[in-house]
Amino acid sequence: EMFQSIVELQPRSAGGLGGMTVQDRAQAALDEIMERLPDQFVMSEIVERVEERSPYVNVFLQEIERMIDLTSEMRRSLSELALGLKGDLQITDVMEKLMQSLADNKVPDKWEAKAYPSRRPLNSWLSNLLERQKQLDTWTGELGLPKLTWLSGLFSPQSFLTAVKQTTARRNEWALDRTENQTDVTRFWDAGQIPGLN
């Protein structure tokens with residue numbers, strides 16, 4: 001909080017960070033993000049390939065929908081700002097806020113509202129987003145239950161845990177409300193160490 005207040009007190013005109021203006025810093029961030037954003041998932045193609053809508057499949061489809069929603073907003077707002085910075089559009093208050101967030105290495109509010117909880121600065125947040133996208137890419141290749149799932153890499157980890165309970169309860173004919181998840185802490189540091197994963 002204190003460091004955020006210090007950043008907000010800094011002058012907003014030219015001469016910051018090596019003589020770069022807010023617009024220059026925002027343009028640099030915009031260019032980098034647009035270059036790094038992966039291709040958009042095509043939901044209709046993924047749904048066509050799904051053979052059975054198990055609880056796990058439903059969770060991953062919901063995760064993909066949320067990723068599409070987030071990355072679509074990112075592309076839309078960045079494209080709009082790019083036009084504003086070129087002078088093709090008048091810069092609105094919303095675009096001004098986006099520009100300031102990019103220049104300050106902060107996740108823009110509109111993106112944060114569609115994303116997962118995170119306190120990371122923008123550059124680290126983007127790297128994390130790309131890792132989350134990679135997990136979903138892997139799933140779309142298999143369309144089944146992955147042998148390994150990065151729980152905190154999901155928008156809604158609780159949904160995945162609920163799917164585990166539902167599947168286990170059905171398979172064993174248990175009452176869902178009496179089924180609980182149990183966590184065993186292991187000493188594995190790498191996915192390659194997990195028996196049967198390879």
# chains A, B, ... in the order shown; residues from 1 in each chain; ligands from 1
call {"tool": "residues_around", "arguments": {"residues": "stretch 58-68 of chain A", "least_positions_apart": "4", "cutoff": "9 Å", "atoms": "only C-alpha atoms", "output": "PyMOL selection string"}}
result
chain A and resi 40-43+46-47+53-54+72-73+114-115+129+132-133+136+139-140+143+154-156+159-160+163
call {"tool": "residues_around", "arguments": {"residues": "A:Ser79", "least_positions_apart": "5", "cutoff": "9 Å", "atoms": "only C-alpha atoms", "output": "PyMOL selection string"}}
result
chain A and resi 30+34+74+84
call {"tool": "select_by_dssp", "arguments": {"residues": "chain A", "states": "alpha helix (DSSP H)", "output": "PyMOL selection string"}}
result
chain A and resi 2-9+22-36+43-49+55-86+93-103+109-114+122-142+157-172
call {"tool": "residues_around", "arguments": {"residues": "A:Leu176", "least_positions_apart": "5", "cutoff": "9 Å", "atoms": "only C-alpha atoms", "output": "compact mmCIF listing (two decimals) with N, CA and C atoms, in the first residue's frame"}}
result
# COMPACT_ATOMS: atom_id res chain seq x y z
N LYS A 165 -14.96 -34.43 -6.10
CA LYS A 165 -15.93 -35.02 -5.17
C LYS A 165 -17.09 -35.67 -5.92
N GLN A 166 -17.63 -35.00 -6.91
CA GLN A 166 -18.77 -35.53 -7.67
C GLN A 166 -18.40 -36.85 -8.36
N THR A 168 -15.91 -38.94 -7.69
CA THR A 168 -15.61 -39.99 -6.70
C THR A 168 -16.89 -40.51 -6.07
N ALA A 169 -17.81 -39.62 -5.74
CA ALA A 169 -19.08 -40.04 -5.13
C ALA A 169 -19.89 -40.90 -6.09
N ARG A 170 -19.95 -40.53 -7.36
CA ARG A 170 -20.69 -41.32 -8.35
C ARG A 170 -20.07 -42.71 -8.52
call {"tool": "atom_distance", "arguments": {"atom1": "atom CA of A:Leu78", "atom2": "atom CA of A:Asp39"}}
result
15.2 Å
call {"tool": "residues_around", "arguments": {"residues": "A:Arg76", "least_positions_apart": "5", "cutoff": "12 Å", "atoms": "only C-alpha atoms", "output": "ChimeraX atom specification"}}
result
/A:30,34,68-71,81-83,95,98,110-111
